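Here's work_38.cif, which has mmCIF, C-alpha atoms:
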```cif
data_query
#
loop_
_atom_site.label_atom_id
_atom_site.label_comp_id
_atom_site.auth_asym_id
_atom_site.auth_seq_id
_atom_site.Cartn_x
_atom_site.Cartn_y
_atom_site.Cartn_z
CA MET E 1 214.67 153.64 79.83
CA SER E 2 217.12 156.04 81.43
CA VAL E 3 218.69 155.28 84.80
CA VAL E 4 217.53 157.45 87.70
CA TRP E 5 220.48 158.02 90.02
CA PRO E 6 219.60 157.81 93.71
CA ARG E 7 220.03 160.62 96.17
CA ARG E 8 223.25 160.31 98.14
CA LYS E 9 222.67 158.37 101.34
CA ILE E 10 225.24 157.28 103.90
CA GLN E 11 225.25 154.01 105.84
CA LEU E 12 227.23 154.49 109.06
CA VAL E 13 229.03 151.31 110.00
CA ALA E 14 229.60 151.82 113.72
CA SER E 15 228.38 150.91 117.16
CA SER E 16 226.42 153.45 119.18
CA ALA E 17 229.54 153.97 121.32
CA ALA E 18 231.95 154.62 118.43
CA PRO E 19 234.37 157.53 119.08
CA GLY E 20 232.90 160.88 118.04
CA ILE E 21 229.72 159.44 116.54
CA GLU E 22 227.40 161.96 118.25
CA GLY E 23 229.23 164.85 116.60
CA VAL E 24 229.25 163.05 113.24
CA ARG E 25 225.48 162.60 113.38
CA ALA E 26 225.05 166.31 114.15
CA ILE E 27 227.30 167.36 111.23
CA LEU E 28 225.43 165.12 108.79
CA LYS E 29 222.15 166.66 109.88
CA GLY E 30 223.67 170.15 109.69
CA VAL E 31 224.87 169.69 106.10
CA GLU E 32 221.55 167.97 105.25
CA LEU E 33 223.16 164.72 104.16
CA GLU E 34 220.85 161.73 104.57
CA PHE E 35 222.21 158.85 106.63
CA PHE E 36 221.16 155.91 108.73
CA GLU E 37 222.61 153.37 111.14
CA ASP E 38 221.45 149.80 110.81
CA ASP E 39 221.91 146.30 112.11
CA LEU E 40 225.62 145.46 111.87
CA SER E 41 225.09 141.73 112.08
CA GLU E 42 225.55 139.55 109.03
CA GLU E 43 221.78 138.97 108.88
CA GLY E 44 221.09 142.72 108.88
CA LEU E 45 223.76 143.27 106.26
CA VAL E 46 222.28 140.71 103.91
CA LYS E 47 218.81 142.26 104.25
CA GLY E 48 220.09 145.72 103.45
CA LEU E 49 222.51 144.98 100.61
CA THR E 50 221.55 141.78 98.79
CA GLU E 51 219.94 143.83 96.03
CA SER E 52 221.92 146.60 94.36
CA TRP E 53 220.04 149.88 93.96
CA TRP E 54 220.29 149.77 90.18
CA GLU E 55 218.59 146.34 90.18
CA LEU E 56 215.53 147.53 92.13
CA PRO E 57 212.29 148.20 90.21
CA LEU E 58 211.38 151.87 89.98
CA ASP E 59 208.11 151.38 91.84
CA CYS E 60 209.61 149.34 94.67
CA THR E 61 208.81 150.19 98.28
CA PRO E 62 212.02 150.76 100.30
CA SER E 63 212.55 148.29 103.11
CA PRO E 64 213.21 149.36 106.73
CA ALA E 65 216.77 148.05 106.37
CA SER E 66 217.47 150.66 103.73
CA GLY E 67 216.61 153.52 106.06
CA GLY E 68 212.99 153.98 105.09
CA SER E 69 213.41 156.06 101.92
CA SER E 70 216.16 154.73 99.63
CA PRO E 71 219.08 152.30 99.70
CA ALA E 72 222.50 153.42 100.88
CA THR E 73 224.78 154.75 98.16
CA GLU E 74 228.02 154.49 100.18
CA LEU E 75 229.42 153.08 103.41
CA VAL E 76 231.27 155.06 106.06
CA PHE E 77 232.97 152.94 108.68
CA TRP E 78 234.90 153.33 111.91
CA PRO E 79 238.14 151.29 111.56
CA GLU E 80 237.73 150.10 115.15
CA GLU E 81 234.63 148.10 114.22
CA SER E 82 235.32 144.39 113.75
CA GLU E 83 232.34 144.10 111.38
CA HIS E 84 233.79 146.40 108.75
CA ASN E 85 235.62 143.57 106.93
CA LEU E 86 232.26 142.00 106.10
CA TRP E 87 230.97 145.35 104.85
CA ARG E 88 234.09 145.79 102.72
CA GLU E 89 233.42 142.45 101.06
CA LYS E 90 230.00 143.72 100.07
CA ALA E 91 231.46 147.06 98.98
CA ILE E 92 233.58 145.22 96.42
CA GLN E 93 230.30 144.30 94.75
CA GLY E 94 229.69 147.95 93.89
CA LEU E 95 228.97 150.02 97.01
CA PRO E 96 231.62 152.71 97.63
CA GLN E 97 233.12 152.85 101.14
CA GLN E 98 235.51 155.05 103.09
CA SER E 99 236.71 155.55 106.65
CA ILE E 100 235.05 158.13 108.89
CA GLN E 101 238.29 160.14 108.96
CA SER E 102 238.37 160.37 105.16
CA PHE E 103 234.66 161.19 105.07
CA ILE E 104 234.99 164.13 107.51
CA HIS E 105 238.04 165.35 105.60
CA ASN E 106 235.99 165.50 102.41
CA ILE E 107 233.14 167.40 104.06
CA LEU E 108 235.45 170.04 105.59
CA GLU E 109 238.26 170.17 103.01
CA ASP E 110 237.38 173.70 101.81
CA GLU E 111 236.61 175.15 105.25
CA LEU E 112 238.74 177.16 107.67
CA ILE E 113 238.81 175.19 110.91
CA LEU E 114 238.95 176.91 114.30
CA ARG E 115 239.48 174.58 117.26
CA ILE E 116 237.75 175.43 120.53
CA SER E 117 239.55 174.29 123.65
CA GLU E 118 237.52 173.11 126.62
CA PRO E 119 236.26 174.16 129.04
CA ALA E 120 235.09 177.05 126.89
CA VAL E 121 233.41 180.28 127.91
CA ILE E 122 229.72 179.96 126.95
CA ILE E 123 227.62 182.99 126.00
CA GLU E 124 223.95 182.59 125.04
CA GLY E 125 224.45 178.86 124.53
CA ARG E 126 227.47 179.20 122.22
CA PRO E 127 231.22 179.24 122.81
CA LEU E 128 232.43 182.83 123.15
CA LEU E 129 234.35 182.66 119.86
CA GLY E 130 231.24 181.58 117.96
CA HIS E 131 229.12 184.19 119.75
CA VAL E 132 231.42 187.09 118.79
CA LEU E 133 231.98 185.94 115.19
CA ASN E 134 228.25 185.46 114.72
CA LYS E 135 227.42 188.91 116.09
CA ALA E 136 230.13 190.41 113.86
CA GLY E 137 228.54 188.93 110.74
CA PHE E 138 231.14 186.23 110.02
CA GLU E 139 228.40 183.56 109.95
CA PRO E 140 230.57 180.69 111.24
CA SER E 141 229.34 177.11 111.27
CA LEU E 142 229.44 175.53 114.71
CA LEU E 143 229.50 172.02 116.15
CA TRP E 144 229.04 171.88 119.91
CA PRO E 145 227.77 169.51 122.63
CA THR E 146 224.88 170.84 124.72
CA ALA E 147 222.79 169.49 127.57
CA GLY E 148 220.20 168.35 125.03
CA GLY E 149 222.72 166.67 122.72
CA TRP E 150 225.14 167.70 120.01
CA GLN E 151 224.11 170.69 117.89
CA CYS E 152 225.37 171.74 114.47
CA GLU E 153 224.62 175.18 113.01
CA ARG E 154 225.52 175.33 109.32
CA LYS E 155 225.96 178.87 108.04
CA GLN E 156 227.45 180.55 104.98
CA GLY E 157 230.72 181.82 106.45
CA LEU E 158 234.20 180.41 105.80
CA HIS E 159 234.86 179.19 109.34
CA TRP E 160 233.94 175.95 111.07
CA LEU E 161 234.22 175.97 114.88
CA LEU E 162 234.85 172.48 116.25
CA PRO E 163 235.56 171.19 119.77
CA GLU E 164 239.22 170.30 120.27
CA SER E 165 238.36 167.15 122.24
CA TRP E 166 236.05 165.85 119.48
CA LEU E 167 238.71 166.39 116.82
CA VAL E 168 241.32 164.56 118.88
CA GLU E 169 238.92 161.69 119.60
CA LEU E 170 237.85 161.24 115.99
CA MET E 171 240.70 162.56 113.84
CA GLU E 172 243.66 162.27 116.23
CA ASP E 173 246.41 164.53 114.83
CA SER E 174 245.26 164.53 111.21
CA PRO E 175 245.17 167.99 109.58
CA LEU E 176 241.69 169.16 108.69
CA GLY E 177 240.32 171.83 106.36
CA ARG E 178 242.22 173.98 103.93
CA HIS E 179 245.58 175.44 104.85
CA SER E 180 245.35 179.18 105.30
CA GLU E 181 246.94 181.93 107.35
CA TRP E 182 243.59 182.77 108.90
CA ALA E 183 245.05 185.15 111.50
CA SER E 184 246.41 188.59 110.73
CA SER E 185 250.15 189.25 110.82
CA GLU E 186 249.60 191.42 113.90
CA LYS E 187 249.14 189.35 117.02
CA ALA E 188 246.90 190.64 119.76
CA THR E 189 247.75 190.86 123.44
CA TRP E 190 246.23 192.29 126.59
CA VAL E 191 247.15 193.83 129.92
CA VAL E 192 244.99 193.19 132.98
CA ARG E 193 244.50 196.28 135.17
CA GLU E 194 242.76 196.57 138.51
CA THR E 195 239.28 197.20 137.11
CA ARG E 196 239.72 196.78 133.35
CA THR E 197 241.64 194.92 130.66
CA ASP E 198 243.36 196.72 127.78
CA PHE E 199 243.90 195.09 124.39
CA TYR E 200 246.69 195.86 121.94
CA HIS E 201 247.89 194.88 118.49
CA GLY E 202 251.54 194.12 117.85
CA GLN E 203 254.42 192.35 119.54
CA GLU E 204 257.02 195.11 119.74
CA ASN E 205 255.36 198.44 119.01
CA PHE E 206 252.01 198.08 120.72
CA LYS E 207 248.93 199.79 119.30
CA PHE E 208 246.03 200.32 121.65
CA VAL E 209 242.77 198.75 120.41
CA GLY E 210 240.30 199.13 123.25
CA GLN E 211 239.38 198.00 126.73
CA ILE E 212 236.69 196.14 128.64
CA PRO E 213 235.88 195.86 132.35
CA ARG E 214 237.45 192.89 134.11
CA TRP E 215 235.74 189.63 133.20
CA PRO E 216 233.02 188.92 135.80
CA GLU E 217 233.94 185.23 136.25
CA PRO E 218 237.56 184.90 137.52
CA LEU E 219 237.86 181.25 136.45
CA GLU E 220 236.90 182.17 132.88
CA GLU E 221 239.05 185.29 132.65
CA GLN E 222 242.13 183.84 130.93
CA ALA E 223 240.10 181.85 128.39
CA ALA E 224 237.88 184.87 127.65
CA TYR E 225 240.85 187.16 126.95
CA GLU E 226 242.50 184.55 124.74
CA THR E 227 239.27 184.30 122.73
CA ILE E 228 238.96 188.08 122.36
CA ALA E 229 242.57 188.24 121.16
CA THR E 230 241.78 185.52 118.59
CA CYS E 231 238.82 187.56 117.35
CA LEU E 232 241.09 190.58 116.84
CA GLU E 233 243.56 188.45 114.90
CA LEU E 234 240.72 187.15 112.72
CA GLY E 235 239.91 190.73 111.76
CA VAL E 236 236.87 191.40 113.95
CA SER E 237 236.61 195.12 114.68
CA TRP E 238 236.74 196.33 118.26
CA ARG E 239 233.32 197.91 117.84
CA ASP E 240 231.82 194.52 116.93
CA ILE E 241 233.60 192.82 119.83
CA ARG E 242 232.36 195.46 122.25
CA SER E 243 228.81 195.13 120.91
CA ALA E 244 228.88 191.32 121.21
CA LEU E 245 230.06 191.54 124.83
CA SER E 246 227.72 194.32 125.92
CA SER E 247 225.32 191.92 127.65
CA ILE E 248 228.06 190.56 129.94
CA TRP E 249 228.12 193.55 132.26
CA ASN E 250 225.12 195.23 133.86
CA ASP E 251 224.32 198.93 133.49
CA THR E 252 225.98 199.93 136.76
CA ILE E 253 229.32 198.46 135.81
CA MET E 254 229.05 199.91 132.31
CA THR E 255 228.40 203.37 133.78
CA ASP E 256 231.26 203.12 136.26
CA ASN E 257 233.69 202.21 133.50
CA LEU E 258 233.31 205.26 131.29
CA ARG E 259 236.25 204.33 129.11
CA TRP E 260 234.33 201.20 128.09
CA LYS E 261 231.66 203.56 126.76
CA SER E 262 234.16 205.92 125.10
CA ASP E 263 234.00 206.47 121.37
CA ASP E 264 236.81 204.48 119.73
CA PHE E 265 235.24 204.91 116.30
CA GLY E 266 238.57 206.10 114.91
CA TRP E 267 240.09 202.64 115.21
CA ASN E 268 237.24 201.05 113.29
CA ALA E 269 237.51 203.69 110.59
CA GLY E 270 241.08 202.65 109.94
CA ALA E 271 243.01 205.09 112.11
CA CYS E 272 245.65 203.56 114.35
CA GLY E 273 246.13 204.17 118.01
CA GLU E 274 249.35 205.65 119.26
CA GLU E 275 252.36 203.35 118.92
CA LEU E 276 253.49 202.38 122.38
CA SER E 277 256.80 200.95 123.48
CA LEU E 278 257.06 197.65 125.25
CA THR E 279 257.98 199.37 128.52
CA PRO E 280 256.55 200.63 130.71
CA LEU E 281 253.38 198.61 130.03
CA ASP E 282 251.74 199.52 133.32
CA HIS E 283 251.66 203.20 132.40
CA MET E 284 249.99 202.90 129.02
CA GLU E 285 246.98 205.09 128.39
CA ASN E 286 244.68 205.70 125.51
CA TRP E 287 245.80 209.03 124.08
CA TRP E 288 242.27 209.77 122.89
CA ASP E 289 241.17 210.18 126.49
CA ARG E 290 243.75 212.83 127.42
#
```

Turn this file's structure into structure tokens for me.
Amino acid sequence: MSVVWPRRKIQLVASSAAPGIEGVRAILKGVELEFFEDDLSEEGLVKGLTESWWELPLDCTPSPASGGSSPATELVFWPEESEHNLWREKAIQGLPQQSIQSFIHNILEDELILRISEPAVIIEGRPLLGHVLNKAGFEPSLLWPTAGGWQCERKQGLHWLLPESWLVELMEDSPLGRHSEWASSEKATWVVRETRTDFYHGQENFKFVGQIPRWPEPLEEQAAYETIATCLELGVSWRDIRSALSSIWNDTIMTDNLRWKSDDFGWNAGACGEELSLTPLDHMENWWDR
């Protein structure tokens, strides 16, 4: 009789208040990896692990201690938990185990990680960076806390967007994801005018990219512009950025700012704006509008 290997299933060894556990649960659900949390007492441990999965009869009915469908195939523990030594003793008997930090590393090792600082600008329930990248077709995966709990959207793109505070809480300063120069060599910057904000590529010879009306929420303005600059450095076209932000301003403001509605199709087609010197910044204009 051939051995039927069980579906991968994770036993989380942690208390309900373990650092970062809400986000971990959301990621596991997002990547469709089966898991459960069980009684961490010695009695609960014995019930769940006294029989190895390969010793169970094929027609056995899974017990509640095994999560209701199949026994755990590996343990993932928080090092802060005092109980984990007992679990490690059982792991020696054949159940693989690893720390939560190592486990998250393995899940995200091939991904490009973008950290979202908080408080973040929220658009349609998502951080602004995720909103723009999603509208531009980058299909980023996103982990984010909401009023209804932590949410994880797993998509097919290369990028994972993760809250900075969650990463610090769970991973501390450990590097995460694959190393890559995800940003373009040309940094993006901006100049705030009285009624609009202009964006440029470059650090010495500035190239005009486009402009938007002033951000409607003054307290969010700096964070919003930093996010838009990040999108430019990631390779998002100005046309896609403008389209993603179109719902921010009402029709009256859009009409009053005609340059927002101007056709900057040339930039998206590959043509460059006029190279502009560093000074005088306050007198820069888009040469297309002359």

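Each of E:Phe35, E:Glu172, E:Leu12, E:Leu161 was compared to His131 in chain E using only C-alpha atoms, and E:Leu161 turns out to be the nearest.
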
query = Restricting the calculation to only C-alpha atoms, which member of E:Ile113, E:Ala120, E:Ala224, E:Val31 is positioned closest to Ile248 in chain E?
reply = E:Ala224

ask   = Just so the selection is clear, what residues does the PyMOL selection byres ((chain E and resi 233) around 12) cover here, as number ranges by chain?
value = E: 129, 133, 181-189, 199-202, 209, 226-232, 234-238, 241

Export of prior selection with C-alpha atoms as an mmCIF file, keeping the file's coordinate frame:
```cif
data_model
loop_
_atom_site.group_PDB
_atom_site.id
_atom_site.type_symbol
_atom_site.label_atom_id
_atom_site.label_comp_id
_atom_site.auth_asym_id
_atom_site.auth_seq_id
_atom_site.Cartn_x
_atom_site.Cartn_y
_atom_site.Cartn_z
ATOM 1 C CA LEU E 129 234.350 182.660 119.860
ATOM 2 C CA LEU E 133 231.980 185.940 115.190
ATOM 3 C CA GLU E 181 246.940 181.930 107.350
ATOM 4 C CA TRP E 182 243.590 182.770 108.900
ATOM 5 C CA ALA E 183 245.050 185.150 111.500
ATOM 6 C CA SER E 184 246.410 188.590 110.730
ATOM 7 C CA SER E 185 250.150 189.250 110.820
ATOM 8 C CA GLU E 186 249.600 191.420 113.900
ATOM 9 C CA LYS E 187 249.140 189.350 117.020
ATOM 10 C CA ALA E 188 246.900 190.640 119.760
ATOM 11 C CA THR E 189 247.750 190.860 123.440
ATOM 12 C CA PHE E 199 243.900 195.090 124.390
ATOM 13 C CA TYR E 200 246.690 195.860 121.940
ATOM 14 C CA HIS E 201 247.890 194.880 118.490
ATOM 15 C CA GLY E 202 251.540 194.120 117.850
ATOM 16 C CA VAL E 209 242.770 198.750 120.410
ATOM 17 C CA GLU E 226 242.500 184.550 124.740
ATOM 18 C CA THR E 227 239.270 184.300 122.730
ATOM 19 C CA ILE E 228 238.960 188.080 122.360
ATOM 20 C CA ALA E 229 242.570 188.240 121.160
ATOM 21 C CA THR E 230 241.780 185.520 118.590
ATOM 22 C CA CYS E 231 238.820 187.560 117.350
ATOM 23 C CA LEU E 232 241.090 190.580 116.840
ATOM 24 C CA LEU E 234 240.720 187.150 112.720
ATOM 25 C CA GLY E 235 239.910 190.730 111.760
ATOM 26 C CA VAL E 236 236.870 191.400 113.950
ATOM 27 C CA SER E 237 236.610 195.120 114.680
ATOM 28 C CA TRP E 238 236.740 196.330 118.260
ATOM 29 C CA ILE E 241 233.600 192.820 119.830
#
```

task = Identify all residues satisfying the PyMOL selection byres ((chain E and resi 171) around 10) in the given file; provide them as number ranges by chain.
result = E: 19-20, 100-102, 104-105, 165-170, 172-176

Mind writing the picked residues with C-alpha atoms as a PDB file, keeping the file's coordinate frame?
```
ATOM      1  CA  PRO E  19     234.370 157.530 119.080  1.00  0.00           C
ATOM      2  CA  GLY E  20     232.900 160.880 118.040  1.00  0.00           C
ATOM      3  CA  ILE E 100     235.050 158.130 108.890  1.00  0.00           C
ATOM      4  CA  GLN E 101     238.290 160.140 108.960  1.00  0.00           C
ATOM      5  CA  SER E 102     238.370 160.370 105.160  1.00  0.00           C
ATOM      6  CA  ILE E 104     234.990 164.130 107.510  1.00  0.00           C
ATOM      7  CA  HIS E 105     238.040 165.350 105.600  1.00  0.00           C
ATOM      8  CA  SER E 165     238.360 167.150 122.240  1.00  0.00           C
ATOM      9  CA  TRP E 166     236.050 165.850 119.480  1.00  0.00           C
ATOM     10  CA  LEU E 167     238.710 166.390 116.820  1.00  0.00           C
ATOM     11  CA  VAL E 168     241.320 164.560 118.880  1.00  0.00           C
ATOM     12  CA  GLU E 169     238.920 161.690 119.600  1.00  0.00           C
ATOM     13  CA  LEU E 170     237.850 161.240 115.990  1.00  0.00           C
ATOM     14  CA  GLU E 172     243.660 162.270 116.230  1.00  0.00           C
ATOM     15  CA  ASP E 173     246.410 164.530 114.830  1.00  0.00           C
ATOM     16  CA  SER E 174     245.260 164.530 111.210  1.00  0.00           C
ATOM     17  CA  PRO E 175     245.170 167.990 109.580  1.00  0.00           C
ATOM     18  CA  LEU E 176     241.690 169.160 108.690  1.00  0.00           C
TER      19      LEU E 176
END
```

request  = Would you please work out which residue, of E:Leu128, E:Ile122, E:Leu143, E:Ile116, is nearest to Val24 in chain E when using only C-alpha atoms?
outcome  = E:Leu143

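Atom pair CA of Leu28 in chain E / CA of Ser117 in chain E has a distance of 22.5 Å (rounded to one decimal).
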
key: Who sits within 7 Å of Thr73 in chain E, only C-alpha atoms, same chain under 4 positions skipped, as a list in words   =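 So, after excluding close chain neighbours, the residues are Arg8, Lys9, Ile10 and Leu95 of chain E.
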
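The space between CA of Leu112 in chain E and CA of Leu142 in chain E spans 11.8 Å.
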
query = How many Å lie between CA of Glu164 in chain E and CA of Pro145 in chain E, rounded to one decimal?
reply = 11.7 Å

query = Could you list as a ChimeraX atom specification every residue that has an atom within 9 Å of (233.7, 154.7, 102.9), using the file's coordinates and counting all atoms listed in the file?
reply = /E:10-12,74-77,88,91,95-100,102-103

ask   = Quick one: of E:His159, E:Lys29, E:Thr146, E:Asn205, who's nearest to Arg115 in chain E, counting all atoms listed in the file?
value = E:His159

request  = Would you please work out which residue, of E:Glu221, E:Val192, E:Val13, E:Gly157, is nearest to Ala72 in chain E when using all atoms listed in the file?
outcome  =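 Distance minimum relative to Ala72 in chain E lands on E:Val13.
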
Could I get range 10-35 of chain E rebuilt with N, CA and C atoms, written as a compact mmCIF listing (two decimals), in the frame of the given file?
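Writing the result to part-v9.txt gives the following:
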```txt
# COMPACT_ATOMS: atom_id res chain seq x y z
N ILE E 10 224.10 157.86 103.22
CA ILE E 10 225.24 157.28 103.90
C ILE E 10 224.78 156.19 104.88
N GLN E 11 225.43 155.04 104.83
CA GLN E 11 225.25 154.01 105.84
C GLN E 11 226.43 154.09 106.82
N LEU E 12 226.18 154.45 108.06
CA LEU E 12 227.23 154.49 109.06
C LEU E 12 227.45 153.08 109.61
N VAL E 13 228.67 152.63 109.50
CA VAL E 13 229.03 151.31 110.00
C VAL E 13 229.76 151.52 111.32
N ALA E 14 229.02 151.52 112.41
CA ALA E 14 229.60 151.82 113.72
C ALA E 14 228.65 151.38 114.81
N SER E 15 229.21 151.16 115.98
CA SER E 15 228.38 150.91 117.16
C SER E 15 227.92 152.25 117.72
N SER E 16 226.95 152.22 118.60
CA SER E 16 226.42 153.45 119.18
C SER E 16 227.45 154.15 120.07
N ALA E 17 228.50 153.40 120.46
CA ALA E 17 229.54 153.97 121.32
C ALA E 17 230.82 154.30 120.55
N ALA E 18 230.76 154.33 119.22
CA ALA E 18 231.95 154.62 118.43
C ALA E 18 232.48 156.02 118.74
N PRO E 19 233.79 156.21 118.75
CA PRO E 19 234.37 157.53 119.08
C PRO E 19 233.85 158.64 118.17
N GLY E 20 233.31 159.70 118.79
CA GLY E 20 232.90 160.88 118.04
C GLY E 20 231.62 160.75 117.25
N ILE E 21 230.87 159.66 117.42
CA ILE E 21 229.72 159.44 116.54
C ILE E 21 228.61 160.46 116.76
N GLU E 22 228.45 160.96 118.01
CA GLU E 22 227.40 161.96 118.25
C GLU E 22 227.65 163.23 117.44
N GLY E 23 228.89 163.68 117.40
CA GLY E 23 229.23 164.85 116.60
C GLY E 23 229.07 164.60 115.11
N VAL E 24 229.40 163.40 114.66
CA VAL E 24 229.25 163.05 113.24
C VAL E 24 227.78 163.10 112.85
N ARG E 25 226.92 162.53 113.68
CA ARG E 25 225.48 162.60 113.38
C ARG E 25 225.02 164.05 113.24
N ALA E 26 225.47 164.91 114.18
CA ALA E 26 225.05 166.31 114.15
C ALA E 26 225.54 167.01 112.88
N ILE E 27 226.77 166.74 112.45
CA ILE E 27 227.30 167.36 111.23
C ILE E 27 226.50 166.91 110.02
N LEU E 28 226.21 165.62 109.94
CA LEU E 28 225.43 165.12 108.79
C LEU E 28 224.07 165.78 108.72
N LYS E 29 223.44 165.96 109.87
CA LYS E 29 222.15 166.66 109.88
C LYS E 29 222.33 168.13 109.49
N GLY E 30 223.43 168.74 109.98
CA GLY E 30 223.67 170.15 109.69
C GLY E 30 223.92 170.42 108.22
N VAL E 31 224.60 169.51 107.53
CA VAL E 31 224.87 169.69 106.10
C VAL E 31 223.77 169.05 105.24
N GLU E 32 222.71 168.55 105.92
CA GLU E 32 221.55 167.97 105.25
C GLU E 32 221.93 166.80 104.34
N LEU E 33 222.77 165.93 104.88
CA LEU E 33 223.16 164.72 104.16
C LEU E 33 222.44 163.53 104.81
N GLU E 34 221.65 162.82 104.03
CA GLU E 34 220.85 161.73 104.57
C GLU E 34 221.73 160.56 104.99
N PHE E 35 221.43 159.97 106.13
CA PHE E 35 222.21 158.85 106.63
C PHE E 35 221.33 157.96 107.49
```
